[in-house]
Amino acid sequence: MGIINKCLFPVAGYGTRFLPATKAIPKEMLPILTKPLIQYGVEEAMSAGIRTMAMVTSKHKQAIENHFKTHPEIESSIQGTAKESLLDEVNRTIEQCDFAYIEQQQMLGLGHAIYTGKPLIGNEPFAVILPDDLCANDGNSVLLQMTKLYAQHPDCCIVAIEAVSMDAVDKYGVIDGNLLNGSNNAYRVHNMVEKPSPAVAPSNLAIIGRYILTPDIFTVLENTKPDKNGEIQITDALMTLAKKGKVIAYQFQGRRFDCGNVKGFVEANTVFAQEML
Ligand code: G1P
């Protein structure tokens, strides 16, 4: 067993920014070149030693479940051809990991989605990956970097952060904190605000879609009030723990593509194509 054994993927959302593509296809199944975003996420979790993938999903997103099942008919049709290896990576995830699914019936924010996954996680620390945020790395994945930091601070939640331009802060949870002693990339968080306007943002350090959460987050989420849009925000729940000094923000090494919008998605495809084709 590793230090973190489970990763939660909140994948129930409709992906309306990508309509009409996402009418019948989950946005997490959109590919960067030939590999769906969700598979990049699962492979990143594996790179951090995680073998249980907990998907908070919806009844419209059966394609994600199908992707992580073997497909004997396709396999026999490509056997012995040049295409034979094309399923190797996804088959490795199927062989090495357990996949568990739970349905989120209402879309009430990221905090609500994470709370919905509680029965799949139980009473242990866990990672969260938002597959829209695709993180490119060469062997040292963002989640692996975060797991190493968590090992030094096992009573803290860790959020990944990136410096963004001030006019983009209203798309993210934004933190304020003090660098940990001797560190140039890890902050003890003392304030965090969900999607602030630039005028009131505490900094330009934006939370991206990677978290390591301690199981006490579930109790905090139970007591976190919905925001003005009726959504339960993970940022608000984490603020409760930050007040106790129990949240660390980590400025990761690597490059992130915001594949939740068309521009970032095209950029990721372009960069990956330049490197791989
Ligand atoms: C969510 C979180 C936000 C975080 C972002 C990262 O927002 O609420 O704090 O910065 O993910 O991608 P969403 O993009 O789901 O609106």
# chains A, B, ... in the order shown; residues from 1 in each chain; ligands from 1
$ residues_near_ligand --ligand "ligand 1" --cutoff "8 Å" --atoms "only C-alpha atoms and all ligand atoms" --output "PyMOL selection string"
chain A and resi 109-111+130+132-133+171-174+193-195+206-210+233-235+258+260
$ select_by_dssp --residues "range 14-86 of chain A" --states "alpha helix (DSSP H)" --output "ChimeraX atom specification"
/A:37-47,62-67,72-78
$ select_by_dssp --residues "range 45-192 of chain A" --states "strand (DSSP E)" --output "MDAnalysis selection string"
chainID A and resid 52:57 98:103 126:129 133:136 157:163 173:179 186:192
$ closest_atom_pairs --of "range 87-172 of chain A" --to "range 43-67 of chain A" --cutoff "6 Å" --atoms "only C-alpha atoms" --output "JSON lines"
{"residue": "A:Cys97", "atom": "CA", "partner": "A:Arg51", "partner_atom": "CA", "distance": 4.6}
{"residue": "A:Asp98", "atom": "CA", "partner": "A:Thr52", "partner_atom": "CA", "distance": 4.8}
{"residue": "A:Phe99", "atom": "CA", "partner": "A:Met53", "partner_atom": "CA", "distance": 4.9}
{"residue": "A:Ala100", "atom": "CA", "partner": "A:Ala54", "partner_atom": "CA", "distance": 4.9}
{"residue": "A:Tyr101", "atom": "CA", "partner": "A:Met55", "partner_atom": "CA", "distance": 4.8}
{"residue": "A:Ile102", "atom": "CA", "partner": "A:Val56", "partner_atom": "CA", "distance": 5.1}
{"residue": "A:Glu103", "atom": "CA", "partner": "A:Thr57", "partner_atom": "CA", "distance": 5.0}
{"residue": "A:Gln104", "atom": "CA", "partner": "A:Ser58", "partner_atom": "CA", "distance": 5.7}
{"residue": "A:Gly117", "atom": "CA", "partner": "A:Val56", "partner_atom": "CA", "distance": 5.9}
{"residue": "A:Leu143", "atom": "CA", "partner": "A:Ala48", "partner_atom": "CA", "distance": 5.9}
{"residue": "A:Leu144", "atom": "CA", "partner": "A:Ala48", "partner_atom": "CA", "distance": 4.4}
$ atom_distance --atom1 "CA of Ala113 in chain A" --atom2 "CA of Val42 in chain A"
17.8 Å
$ closest_atom_pairs --of "range 98-180 of chain A" --to "range 220-224 of chain A" --cutoff "10 Å" --atoms "only C-alpha atoms" --output "Markdown table"
| residue | atom | partner | partner_atom | distance |
| --- | --- | --- | --- | --- |
| A:Gly111 | CA | A:Leu221 | CA | 6.7 |
| A:His112 | CA | A:Leu221 | CA | 7.6 |
| A:Ile114 | CA | A:Leu221 | CA | 8.7 |
| A:Tyr115 | CA | A:Leu221 | CA | 6.7 |
$ closest_residue --among "A:Pro131, A:Pro215, A:Pro31, A:Pro72" --to "Gly13 in chain A" --atoms "only C-alpha atoms"
A:Pro131
$ residues_around --residues "Ala268 in chain A" --least-positions-apart "2" --cutoff "12 Å" --atoms "only C-alpha atoms" --output "ChimeraX atom specification"
/A:30-33,35,37,132-136,255-266,270-276
$ write_last_selection --atoms "C-alpha atoms" --output "PDB file, in the first residue's frame"
ATOM      1  CA  LEU A  30     -12.461  14.040 -25.697  1.00  0.00           C
ATOM      2  CA  PRO A  31      -9.003  13.038 -26.905  1.00  0.00           C
ATOM      3  CA  ILE A  32      -5.672  14.782 -26.904  1.00  0.00           C
ATOM      4  CA  LEU A  33      -4.422  13.117 -30.082  1.00  0.00           C
ATOM      5  CA  LYS A  35      -6.030   9.341 -25.851  1.00  0.00           C
ATOM      6  CA  LEU A  37      -8.516  13.109 -21.114  1.00  0.00           C
ATOM      7  CA  ASP A 132      -9.967  18.893 -17.633  1.00  0.00           C
ATOM      8  CA  ASP A 133      -6.667  20.094 -16.249  1.00  0.00           C
ATOM      9  CA  LEU A 134      -4.165  18.091 -18.233  1.00  0.00           C
ATOM     10  CA  CYS A 135      -0.712  18.181 -16.694  1.00  0.00           C
ATOM     11  CA  ALA A 136       2.254  17.363 -18.879  1.00  0.00           C
ATOM     12  CA  ARG A 255       2.902  22.482 -17.658  1.00  0.00           C
ATOM     13  CA  ARG A 256      -0.876  22.539 -17.343  1.00  0.00           C
ATOM     14  CA  PHE A 257      -3.385  22.787 -20.159  1.00  0.00           C
ATOM     15  CA  ASP A 258      -6.893  23.945 -19.299  1.00  0.00           C
ATOM     16  CA  CYS A 259      -8.742  21.502 -21.530  1.00  0.00           C
ATOM     17  CA  GLY A 260     -12.066  22.629 -20.040  1.00  0.00           C
ATOM     18  CA  ASN A 261     -12.109  25.346 -22.654  1.00  0.00           C
ATOM     19  CA  VAL A 262     -11.664  25.103 -26.403  1.00  0.00           C
ATOM     20  CA  LYS A 263      -8.509  27.257 -26.529  1.00  0.00           C
ATOM     21  CA  GLY A 264      -6.648  25.168 -23.945  1.00  0.00           C
ATOM     22  CA  PHE A 265      -7.850  21.951 -25.548  1.00  0.00           C
ATOM     23  CA  VAL A 266      -6.560  22.987 -28.984  1.00  0.00           C
ATOM     24  CA  THR A 270      -1.029  21.202 -30.825  1.00  0.00           C
ATOM     25  CA  VAL A 271       1.778  20.821 -28.285  1.00  0.00           C
ATOM     26  CA  PHE A 272       1.305  17.051 -27.981  1.00  0.00           C
ATOM     27  CA  ALA A 273       1.215  16.755 -31.771  1.00  0.00           C
ATOM     28  CA  GLN A 274       4.485  18.676 -32.094  1.00  0.00           C
ATOM     29  CA  GLU A 275       6.106  16.350 -29.600  1.00  0.00           C
ATOM     30  CA  MET A 276       4.631  13.041 -30.698  1.00  0.00           C
TER      31      MET A 276
END
$ atom_distance --atom1 "CA of Gln106 in chain A" --atom2 "CA of Tyr14 in chain A"
11.3 Å
$ atom_distance --atom1 "CA of Met166 in chain A" --atom2 "CA of Glu28 in chain A"
27.8 Å
$ residues_around --residues "Thr214 in chain A" --least-positions-apart "3" --cutoff "8 Å" --atoms "only C-alpha atoms" --output "PyMOL selection string"
chain A and resi 124-126+155-157+217
$ write_last_selection --atoms "N, CA, C and O atoms" --output "PDB file, in the first residue's frame"
ATOM      1  N   GLU A 124      -9.783   7.516   4.673  1.00  0.00           N
ATOM      2  CA  GLU A 124      -8.349   7.568   4.365  1.00  0.00           C
ATOM      3  C   GLU A 124      -8.062   8.787   3.483  1.00  0.00           C
ATOM      4  O   GLU A 124      -8.963   9.280   2.805  1.00  0.00           O
ATOM      5  N   PRO A 125      -6.810   9.256   3.493  1.00  0.00           N
ATOM      6  CA  PRO A 125      -6.488  10.377   2.601  1.00  0.00           C
ATOM      7  C   PRO A 125      -6.621   9.939   1.148  1.00  0.00           C
ATOM      8  O   PRO A 125      -6.425   8.762   0.843  1.00  0.00           O
ATOM      9  N   PHE A 126      -6.951  10.881   0.286  1.00  0.00           N
ATOM     10  CA  PHE A 126      -7.168  10.527  -1.124  1.00  0.00           C
ATOM     11  C   PHE A 126      -6.799  11.700  -2.016  1.00  0.00           C
ATOM     12  O   PHE A 126      -6.712  12.842  -1.575  1.00  0.00           O
ATOM     13  N   ASP A 155      -0.968  15.478   8.053  1.00  0.00           N
ATOM     14  CA  ASP A 155      -2.240  15.968   8.607  1.00  0.00           C
ATOM     15  C   ASP A 155      -2.784  17.152   7.803  1.00  0.00           C
ATOM     16  O   ASP A 155      -3.744  17.797   8.215  1.00  0.00           O
ATOM     17  N   CYS A 156      -2.177  17.412   6.642  1.00  0.00           N
ATOM     18  CA  CYS A 156      -2.605  18.575   5.836  1.00  0.00           C
ATOM     19  C   CYS A 156      -3.201  18.152   4.505  1.00  0.00           C
ATOM     20  O   CYS A 156      -2.829  17.125   3.939  1.00  0.00           O
ATOM     21  N   CYS A 157      -4.121  18.980   3.997  1.00  0.00           N
ATOM     22  CA  CYS A 157      -4.561  18.853   2.614  1.00  0.00           C
ATOM     23  C   CYS A 157      -3.579  19.627   1.741  1.00  0.00           C
ATOM     24  O   CYS A 157      -3.021  20.647   2.170  1.00  0.00           O
ATOM     25  N   ILE A 217     -12.129  16.092   5.542  1.00  0.00           N
ATOM     26  CA  ILE A 217     -12.804  17.005   4.607  1.00  0.00           C
ATOM     27  C   ILE A 217     -14.290  16.643   4.482  1.00  0.00           C
ATOM     28  O   ILE A 217     -15.137  17.511   4.270  1.00  0.00           O
TER      29      ILE A 217
END
$ residues_around --residues "Met146 in chain A" --least-positions-apart "4" --cutoff "12 Å" --atoms "only C-alpha atoms" --output "number ranges by chain"
A: 3-4, 44-45, 47-49, 126-129, 140-142, 150-154, 156-161, 185-186, 210-213, 248-253
$ decode --residues "range 200-211 of chain A" --atoms "all heavy atoms" --output "CSV table (one decimal), in the first residue's frame"
chain,number,residue,atom,x,y,z
A,200,VAL,N,-10.6,41.9,-5.7
A,200,VAL,CA,-10.5,41.4,-4.3
A,200,VAL,C,-9.7,40.1,-4.1
A,200,VAL,O,-9.7,39.6,-3.1
A,200,VAL,CB,-12.0,41.2,-3.7
A,200,VAL,CG1,-12.8,42.5,-3.7
A,200,VAL,CG2,-12.7,40.1,-4.5
A,201,ALA,N,-9.1,39.7,-5.2
A,201,ALA,CA,-8.4,38.4,-5.2
A,201,ALA,C,-7.2,38.6,-4.2
A,201,ALA,O,-6.5,39.6,-4.3
A,201,ALA,CB,-7.9,38.0,-6.6
A,202,PRO,N,-7.0,37.6,-3.3
A,202,PRO,CA,-5.9,37.7,-2.4
A,202,PRO,C,-4.5,37.5,-3.0
A,202,PRO,O,-3.5,37.8,-2.4
A,202,PRO,CB,-6.2,36.5,-1.4
A,202,PRO,CG,-7.0,35.6,-2.1
A,202,PRO,CD,-7.8,36.4,-3.1
A,203,SER,N,-4.4,37.0,-4.2
A,203,SER,CA,-3.1,36.8,-5.0
A,203,SER,C,-3.5,36.4,-6.4
A,203,SER,O,-4.6,36.4,-6.8
A,203,SER,CB,-2.3,35.8,-4.3
A,203,SER,OG,-2.8,34.5,-4.6
A,204,ASN,N,-2.5,36.0,-7.1
A,204,ASN,CA,-2.7,35.4,-8.5
A,204,ASN,C,-2.4,34.0,-8.5
A,204,ASN,O,-2.2,33.4,-9.5
A,204,ASN,CB,-1.9,36.2,-9.5
A,204,ASN,CG,-0.4,35.9,-9.4
A,204,ASN,OD1,0.1,35.6,-8.3
A,204,ASN,ND2,0.3,36.0,-10.5
A,205,LEU,N,-2.4,33.3,-7.3
A,205,LEU,CA,-2.0,31.9,-7.2
A,205,LEU,C,-3.3,31.1,-7.2
A,205,LEU,O,-4.1,31.1,-6.3
A,205,LEU,CB,-1.2,31.6,-5.9
A,205,LEU,CG,0.1,32.3,-5.8
A,205,LEU,CD1,0.8,32.1,-4.5
A,205,LEU,CD2,1.0,31.9,-7.0
A,206,ALA,N,-3.5,30.5,-8.4
A,206,ALA,CA,-4.8,29.8,-8.7
A,206,ALA,C,-4.7,28.3,-8.4
A,206,ALA,O,-3.7,27.7,-8.8
A,206,ALA,CB,-5.2,30.0,-10.1
A,207,ILE,N,-5.8,27.8,-7.8
A,207,ILE,CA,-5.8,26.3,-7.6
A,207,ILE,C,-6.2,25.6,-8.9
A,207,ILE,O,-7.1,26.0,-9.6
A,207,ILE,CB,-6.9,26.0,-6.6
A,207,ILE,CG1,-6.6,26.7,-5.2
A,207,ILE,CG2,-7.0,24.5,-6.3
A,207,ILE,CD1,-7.8,26.6,-4.2
A,208,ILE,N,-5.4,24.6,-9.3
A,208,ILE,CA,-5.7,23.8,-10.4
A,208,ILE,C,-6.2,22.4,-10.0
A,208,ILE,O,-6.2,22.1,-8.8
A,208,ILE,CB,-4.5,23.8,-11.4
A,208,ILE,CG1,-3.4,23.0,-10.8
A,208,ILE,CG2,-4.1,25.2,-11.8
A,208,ILE,CD1,-3.0,21.8,-11.6
A,209,GLY,N,-6.6,21.7,-10.9
A,209,GLY,CA,-7.4,20.5,-10.6
A,209,GLY,C,-6.6,19.3,-10.0
A,209,GLY,O,-6.8,18.1,-10.5
A,210,ARG,N,-5.9,19.5,-9.0
A,210,ARG,CA,-5.2,18.4,-8.3
A,210,ARG,C,-5.2,18.7,-6.8
A,210,ARG,O,-4.8,19.8,-6.4
A,210,ARG,CB,-3.7,18.3,-8.7
A,210,ARG,CG,-3.4,18.1,-10.2
A,210,ARG,CD,-3.8,16.7,-10.6
A,210,ARG,NE,-3.5,16.4,-12.0
A,210,ARG,CZ,-4.3,16.7,-13.0
A,210,ARG,NH1,-5.4,17.4,-12.8
A,210,ARG,NH2,-3.9,16.4,-14.2
A,211,TYR,N,-5.7,17.7,-6.0
A,211,TYR,CA,-5.8,17.9,-4.6
A,211,TYR,C,-5.4,16.6,-3.9
A,211,TYR,O,-5.6,15.5,-4.5
A,211,TYR,CB,-7.3,18.2,-4.2
A,211,TYR,CG,-8.0,19.3,-4.8
A,211,TYR,CD1,-8.5,19.3,-6.1
A,211,TYR,CD2,-8.2,20.5,-4.1
A,211,TYR,CE1,-9.2,20.3,-6.7
A,211,TYR,CE2,-8.9,21.6,-4.7
A,211,TYR,CZ,-9.3,21.5,-6.0
A,211,TYR,OH,-10.0,22.6,-6.6
